[in-house]
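Structure data follow from input.tsv (TSV, C-alpha atoms):
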chain	number	residue	atom	x	y	z
A	1	MET	CA	57.86	-16.88	47.09
A	2	LEU	CA	57.07	-13.52	45.51
A	3	SER	CA	53.66	-12.92	43.97
A	4	HIS	CA	53.22	-11.83	40.35
A	5	ASP	CA	52.25	-8.29	41.45
A	6	GLU	CA	55.44	-7.99	43.51
A	7	LEU	CA	57.58	-9.22	40.61
A	8	GLU	CA	55.76	-6.94	38.17
A	9	VAL	CA	56.76	-3.91	40.25
A	10	MET	CA	60.39	-4.88	39.63
A	11	ALA	CA	60.10	-4.46	35.82
A	12	SER	CA	61.18	-0.82	35.68
A	13	SER	CA	64.02	-1.49	38.13
A	14	TYR	CA	65.16	-4.37	35.92
A	15	VAL	CA	65.24	-2.17	32.80
A	16	LEU	CA	67.13	0.57	34.68
A	17	LEU	CA	69.68	-1.93	36.10
A	18	ALA	CA	68.60	-1.10	39.65
A	19	LEU	CA	68.26	-4.65	41.01
A	20	GLU	CA	70.62	-6.57	43.24
A	21	PRO	CA	72.08	-9.76	41.66
A	22	GLU	CA	69.67	-11.94	43.65
A	23	GLU	CA	66.69	-9.80	42.62
A	24	ARG	CA	67.78	-9.77	38.97
A	25	GLU	CA	68.20	-13.55	38.91
A	26	ALA	CA	64.75	-14.06	40.43
A	27	PHE	CA	63.15	-11.65	37.96
A	28	GLN	CA	64.90	-13.22	34.95
A	29	GLU	CA	63.61	-16.62	36.04
A	30	HIS	CA	60.12	-15.10	36.28
A	31	LEU	CA	60.44	-13.69	32.73
A	32	ASN	CA	60.93	-17.21	31.37
A	33	ASN	CA	57.37	-18.05	32.42
A	34	CYS	CA	55.48	-14.73	32.18
A	35	ASP	CA	54.60	-13.26	28.78
A	36	ILE	CA	53.02	-10.17	30.39
A	37	CYS	CA	56.18	-9.08	32.20
A	38	LEU	CA	58.35	-10.07	29.23
A	39	ARG	CA	56.31	-7.81	26.95
A	40	ARG	CA	56.44	-4.89	29.39
A	41	VAL	CA	60.20	-5.21	29.84
A	42	ALA	CA	60.64	-5.26	26.05
A	43	GLU	CA	58.47	-2.15	25.65
A	44	MET	CA	60.22	-0.21	28.42
A	45	ASP	CA	63.64	-1.30	27.18
A	46	ALA	CA	62.76	-0.05	23.69
A	47	VAL	CA	61.79	3.35	25.09
A	48	ALA	CA	64.99	3.70	27.11
A	49	ALA	CA	67.16	2.58	24.19
A	50	ASN	CA	65.47	4.63	21.48
A	51	LEU	CA	65.25	7.93	23.37
A	52	ALA	CA	68.98	8.39	22.83
A	53	LEU	CA	68.53	7.70	19.09
A	54	ALA	CA	65.57	9.99	18.51
A	55	VAL	CA	67.16	11.96	15.69
A	56	GLN	CA	70.16	11.81	13.44
A	57	GLU	CA	73.42	12.59	15.19
A	58	ARG	CA	75.17	15.85	14.26
A	59	GLU	CA	78.37	17.24	15.69
A	60	PRO	CA	77.60	20.49	17.59
A	61	SER	CA	79.85	23.50	17.39
A	62	PRO	CA	82.39	23.98	20.23
A	63	GLN	CA	80.39	26.98	21.50
A	64	LEU	CA	77.12	25.04	21.73
A	65	ARG	CA	78.86	22.05	23.31
A	66	THR	CA	80.26	24.33	26.03
A	67	GLN	CA	76.83	25.87	26.70
A	68	ILE	CA	75.09	22.50	26.92
A	69	LEU	CA	77.64	20.89	29.20
A	70	ALA	CA	77.56	23.93	31.48
A	71	GLN	CA	73.77	23.58	31.73
A	72	VAL	CA	74.04	19.85	32.48
A	73	ARG	CA	76.61	20.49	35.22
A	74	THR	CA	74.20	23.00	36.77
A	75	GLU	CA	71.36	20.44	36.69
A	76	ARG	CA	73.57	17.74	38.20
A	77	THR	CA	74.60	20.05	41.03
A	78	GLY	CA	70.98	20.83	41.89
A	79	ALA	CA	69.71	17.26	41.57
A	80	HIS	CA	71.69	15.45	44.26
A	81	VAL	CA	70.45	11.95	45.05
A	82	ALA	CA	71.39	10.29	48.33
A	83	PRO	CA	73.16	6.92	47.95
A	84	VAL	CA	70.87	3.90	48.10
A	85	LYS	CA	71.85	1.14	50.54
A	86	ARG	CA	72.01	-2.09	48.58
A	87	ARG	CA	70.49	-5.15	50.24
A	88	MET	CA	67.95	-7.81	49.38
A	89	PRO	CA	64.51	-6.70	50.63
A	90	SER	CA	62.06	-9.11	52.15
A	91	ALA	CA	58.99	-10.04	50.14
A	92	GLY	CA	56.79	-7.94	52.41
A	93	ARG	CA	58.84	-4.80	51.81
A	94	LEU	CA	59.63	-5.33	48.13
A	95	ARG	CA	56.74	-3.24	46.79
A	96	LYS	CA	57.76	-0.23	48.90
A	97	LEU	CA	61.47	-0.48	48.06
A	98	ALA	CA	61.36	-1.28	44.35
A	99	ARG	CA	60.09	2.10	43.19
A	100	PRO	CA	62.56	4.28	45.18
A	101	ALA	CA	65.41	2.07	43.95
A	102	ALA	CA	64.30	2.50	40.35
A	103	LEU	CA	63.84	6.23	40.80
A	104	ALA	CA	67.31	6.67	42.30
A	105	ALA	CA	68.84	4.70	39.46
A	106	ALA	CA	66.76	6.56	36.87
A	107	THR	CA	67.88	9.94	38.24
A	108	GLY	CA	71.55	9.09	37.81
A	109	ILE	CA	71.04	7.51	34.40
A	110	LEU	CA	68.84	10.34	33.14
A	111	LEU	CA	71.36	13.03	34.07
A	112	LEU	CA	73.81	11.32	31.75
A	113	LEU	CA	71.08	10.71	29.17
A	114	ILE	CA	70.19	14.42	29.14
A	115	ALA	CA	73.77	15.30	28.23
A	116	GLY	CA	73.85	12.65	25.51
A	117	LEU	CA	70.45	13.63	24.12
A	118	ALA	CA	71.33	17.31	24.05
A	119	LEU	CA	74.52	16.69	22.11
A	120	ARG	CA	72.92	14.20	19.70
A	121	MET	CA	69.81	16.27	19.01
A	122	LEU	CA	71.62	19.37	17.86
A	123	ASN	CA	71.52	19.98	14.12
A	124	ILE	CA	71.60	22.99	11.85
A	125	GLN	CA	67.88	23.75	12.24
A	126	GLU	CA	67.56	23.26	16.00
A	127	SER	CA	68.25	25.94	18.60
A	128	LEU	CA	69.84	25.27	21.97
A	129	GLU	CA	66.47	25.87	23.66
A	130	SER	CA	64.75	23.33	21.40
A	131	SER	CA	67.38	20.69	22.13
A	132	GLN	CA	67.10	21.23	25.88
A	133	ARG	CA	63.30	21.03	25.67
A	134	ARG	CA	63.40	17.72	23.81
A	135	ALA	CA	65.98	16.32	26.23
A	136	SER	CA	63.69	17.35	29.10
A	137	ARG	CA	60.84	15.40	27.49
A	138	GLY	CA	63.02	12.31	27.43
A	139	TYR	CA	63.87	12.80	31.10
A	140	GLU	CA	60.20	13.11	32.01
A	141	ALA	CA	59.16	10.08	29.94
A	142	ILE	CA	61.57	7.72	31.68
A	143	THR	CA	60.69	9.22	35.06
A	144	ILE	CA	57.02	8.44	34.39
A	145	MET	CA	57.97	4.95	33.24
A	146	SER	CA	60.01	4.29	36.37
A	147	ARG	CA	57.10	5.38	38.61
A	148	ALA	CA	54.29	3.87	36.53
A	149	ASP	CA	51.87	1.64	38.41
A	150	ARG	CA	49.32	1.10	35.63
A	151	TRP	CA	49.86	-0.10	32.05
A	152	TRP	CA	47.61	-0.55	29.03
A	153	LYS	CA	48.11	-2.14	25.64
A	154	LEU	CA	47.04	-0.20	22.54
A	155	GLU	CA	44.30	-1.68	20.37
A	156	ALA	CA	44.95	-1.22	16.65
A	157	THR	CA	42.14	-0.52	14.18
A	158	ALA	CA	41.74	-1.70	10.59
A	159	ALA	CA	43.33	1.57	9.45
A	160	ALA	CA	46.66	0.50	11.01
A	161	PRO	CA	46.41	-3.24	11.75
A	162	ASP	CA	50.11	-3.66	12.58
A	163	ALA	CA	50.19	-0.83	15.13
A	164	ALA	CA	51.17	-1.76	18.68
A	165	GLY	CA	52.30	0.05	21.78
A	166	THR	CA	51.84	0.76	25.44
A	167	LEU	CA	50.52	3.47	27.73
A	168	ALA	CA	52.28	3.86	31.09
A	169	TYR	CA	50.60	5.89	33.86
A	170	SER	CA	51.93	7.10	37.20
A	171	THR	CA	49.17	7.66	39.75
A	172	GLU	CA	51.68	9.55	41.88
A	173	LEU	CA	52.49	12.03	39.09
A	174	SER	CA	49.07	12.00	37.38
A	175	GLU	CA	50.94	11.78	34.09
A	176	ALA	CA	51.33	9.20	31.36
A	177	SER	CA	53.64	8.38	28.48
A	178	ILE	CA	52.51	6.58	25.34
A	179	VAL	CA	54.73	4.84	22.78
A	180	ILE	CA	53.42	3.48	19.46
A	181	PHE	CA	55.16	1.16	17.01
A	182	ASN	CA	54.49	0.17	13.38
A	183	LEU	CA	52.24	3.05	12.38
A	184	PRO	CA	52.19	3.79	8.63
A	185	SER	CA	54.22	6.86	7.71
A	186	ALA	CA	52.07	9.99	7.70
A	187	ALA	CA	51.74	11.53	4.25
A	188	GLN	CA	52.95	15.07	3.67
A	189	GLY	CA	50.62	17.52	5.41
A	190	LYS	CA	49.32	14.83	7.79
A	191	ALA	CA	50.20	14.19	11.45
A	192	TYR	CA	49.27	11.71	14.16
A	193	HIS	CA	47.46	13.17	17.18
A	194	ALA	CA	46.57	11.89	20.66
A	195	TRP	CA	43.11	12.61	22.11
A	196	ALA	CA	41.64	12.37	25.61
A	197	VAL	CA	38.09	10.98	25.52
A	198	LYS	CA	35.46	11.57	28.22
A	199	ASN	CA	31.72	10.99	27.81
A	200	GLY	CA	32.11	10.87	24.04
A	201	VAL	CA	33.94	14.22	23.86
A	202	SER	CA	37.51	14.22	22.48
A	203	THR	CA	40.09	16.82	23.58
A	204	ASN	CA	43.33	17.20	21.65
A	205	ILE	CA	46.45	16.36	23.67
A	206	GLY	CA	48.78	17.16	20.78
A	207	ASN	CA	50.59	15.61	17.86
A	208	LEU	CA	52.87	12.62	18.43
A	209	TRP	CA	56.66	13.07	18.54
A	210	PRO	CA	59.14	10.94	16.55
A	211	LEU	CA	61.17	8.33	18.45
A	212	SER	CA	63.57	6.71	16.00
A	213	ASP	CA	61.10	4.87	13.70
A	214	ASP	CA	58.29	5.07	16.25
A	215	LEU	CA	56.08	7.75	17.86
A	216	TRP	CA	55.46	8.83	21.43
A	217	ARG	CA	53.81	11.51	23.54
A	218	LEU	CA	53.73	12.75	27.13
A	219	ILE	CA	50.14	12.88	28.45
A	220	PRO	CA	49.99	15.35	31.38
A	221	VAL	CA	46.45	14.48	32.47
A	222	ASP	CA	44.80	12.32	35.13
A	223	LEU	CA	43.79	9.17	33.25
A	224	GLU	CA	41.44	8.15	36.06
A	225	LYS	CA	39.10	10.91	34.88
A	226	LEU	CA	39.05	9.69	31.24
A	227	ASP	CA	37.33	6.90	29.33
A	228	ALA	CA	39.93	6.39	26.61
A	229	ILE	CA	42.93	7.69	24.70
A	230	THR	CA	42.67	7.60	20.90
A	231	ILE	CA	45.26	8.14	18.18
A	232	THR	CA	44.15	9.64	14.87
A	233	LEU	CA	45.66	10.78	11.59
A	234	GLU	CA	44.69	14.41	11.00
A	235	ASP	CA	45.40	17.16	8.49
A	236	GLY	CA	48.37	19.15	9.83
A	237	ARG	CA	50.02	19.44	13.22
A	238	GLU	CA	47.16	21.51	14.66
A	239	ALA	CA	43.70	20.01	15.15
A	240	SER	CA	40.90	21.33	17.34
A	241	GLU	CA	38.39	18.62	16.42
A	242	GLN	CA	38.82	14.90	15.91
A	243	VAL	CA	37.80	14.32	12.30
A	244	GLY	CA	40.59	12.05	11.06
A	245	THR	CA	40.86	8.28	10.97
A	246	ILE	CA	41.30	6.49	14.31
A	247	VAL	CA	44.35	4.20	14.07
A	248	ALA	CA	44.63	3.04	17.69
A	249	THR	CA	42.83	3.37	21.00
A	250	VAL	CA	43.37	2.61	24.68
A	251	THR	CA	40.29	1.83	26.75
A	252	LEU	CA	41.06	2.95	30.29
A	253	THR	CA	39.74	0.10	32.38
A	254	SER	CA	40.96	-1.08	35.78
A	255	ASP	CA	42.60	-4.29	34.55
Would you encode the structure as structure tokens?
Amino acid sequence: MLSHDELEVMASSYVLLALEPEEREAFQEHLNNCDICLRRVAEMDAVAANLALAVQEREPSPQLRTQILAQVRTERTGAHVAPVKRRMPSAGRLRKLARPAALAAATGILLLLIAGLALRMLNIQESLESSQRRASRGYEAITIMSRADRWWKLEATAAAPDAAGTLAYSTELSEASIVIFNLPSAAQGKAYHAWAVKNGVSTNIGNLWPLSDDLWRLIPVDLEKLDAITITLEDGREASEQVGTIVATVTLTSD
């Protein structure tokens, strides 16, 4: 009988289709009785699904298509992943095996996702470099998600009572990814920003990026050294001081 912690580790592997049939059946049965894991699977599944729909699709020119696909082929050549032997792990070894299995699956999936993102993100205003940079962000976000070992739920404030979301953190990478749903649309000249809070001092991480109808951000900092992450609505895309309205916060506790 697997413990809740052991089953919880399987969440990212489940989303990335990296489980054996026996593992998947056991995890699906667990989801029927665990609201925590069900919510995390839904949140991670939304991230994986929406990354490929981040912006409106435009057909790239033949020249740009050739350049992008050539770049993707180069990345695939340099990112070889050894085949993973498929067998049902014992309960004692599950925690050690689940993460490498998810990572191997994520690597293969993300290489295809990069190509799809790059082609979908191209429009008249975007350069090739911008498209590749945004595709790389998507790659990194799912990599963090697949290696995450700590999760927090966002707490909405009265300024945005319907806001919800999750913060995923990988201790191994010392990086996090945050996704926020149901925030009110920012008025013209306004932008949502993420802040790192320590001892009452807030440091700007940057403005949030669009993800379909939602917002997200990579957080390349060690969360174990912080007290909280806050989301505010500020004037403009640049903000050196937190003066805007706080719409959501994540208290970084050990739970």
Using all atoms listed in the file, which of the listed residues (A:Leu223, A:Leu233, A:Val197, A:Leu154) sits closest to Pro184 (chain A)?
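Looking at the shortest contact to Pro184 (chain A), the residue is A:Leu233.
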One decimal, in Å: what's the spacing between CA of Leu173 (chain A) and CA of Leu215 (chain A)?
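Atom-to-atom, CA of Leu173 (chain A) to CA of Leu215 (chain A), that is 22.0 Å.
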Between CA of Thr245 (chain A) and CA of Ser170 (chain A), what is the spacing in Å?
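We find that CA of Ser170 (chain A) and CA of Thr245 (chain A) lie 28.5 Å from each other.
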For each of A:Gly200, A:Gly206, A:Pro161, A:Pro21, take the minimum atom-to-atom distance to Arg237 (chain A), counting all atoms listed in the file, then give the residue where this is smallest.
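Once distances to Arg237 (chain A) are computed over all atoms listed in the file, the minimum belongs to A:Gly206.
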Gap from CA of Pro220 (chain A) to CA of Glu175 (chain A) - Å, one decimal
4.6 Å
Closest of A:Lys198, A:Arg137, A:Lys225, A:Arg150 to Glu8 (chain A) - atom-to-atom distances counting only C-alpha atoms:
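With only C-alpha atoms as the atom set, the closest residue is A:Arg150.
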For Ile178 (chain A), which residue out of A:Leu7, A:Ile246, A:Ala156, A:Ile231 is the nearest one, using all atoms listed in the file?
A:Ile231
Set the distance at 9 Å and use only C-alpha atoms: which residues neighbour Gly189 (chain A) once local chain neighbours fewer than 5 positions away are removed? I'd like the list as a ChimeraX atom specification.
/A:234-237
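Shortest atom-to-atom contact with Glu23 (chain A) among A:Asp222, A:Asp35, A:Glu140, A:Glu6: A:Glu6, counting all atoms listed in the file.
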Show me, as a VMD selection string, the residues that have an atom within 12 Å of Ser185 (chain A) when counting only C-alpha atoms, minus same-chain residues fewer than 2 positions from it.
chain A and resid 160 163 181 to 183 187 to 192 210 213 to 215 233
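For the set A:Ile36, A:Ala148, A:Leu208, A:Ala42, the residue with the smallest atom-to-atom gap to Val15 (chain A) is A:Ala42, counting all atoms listed in the file.
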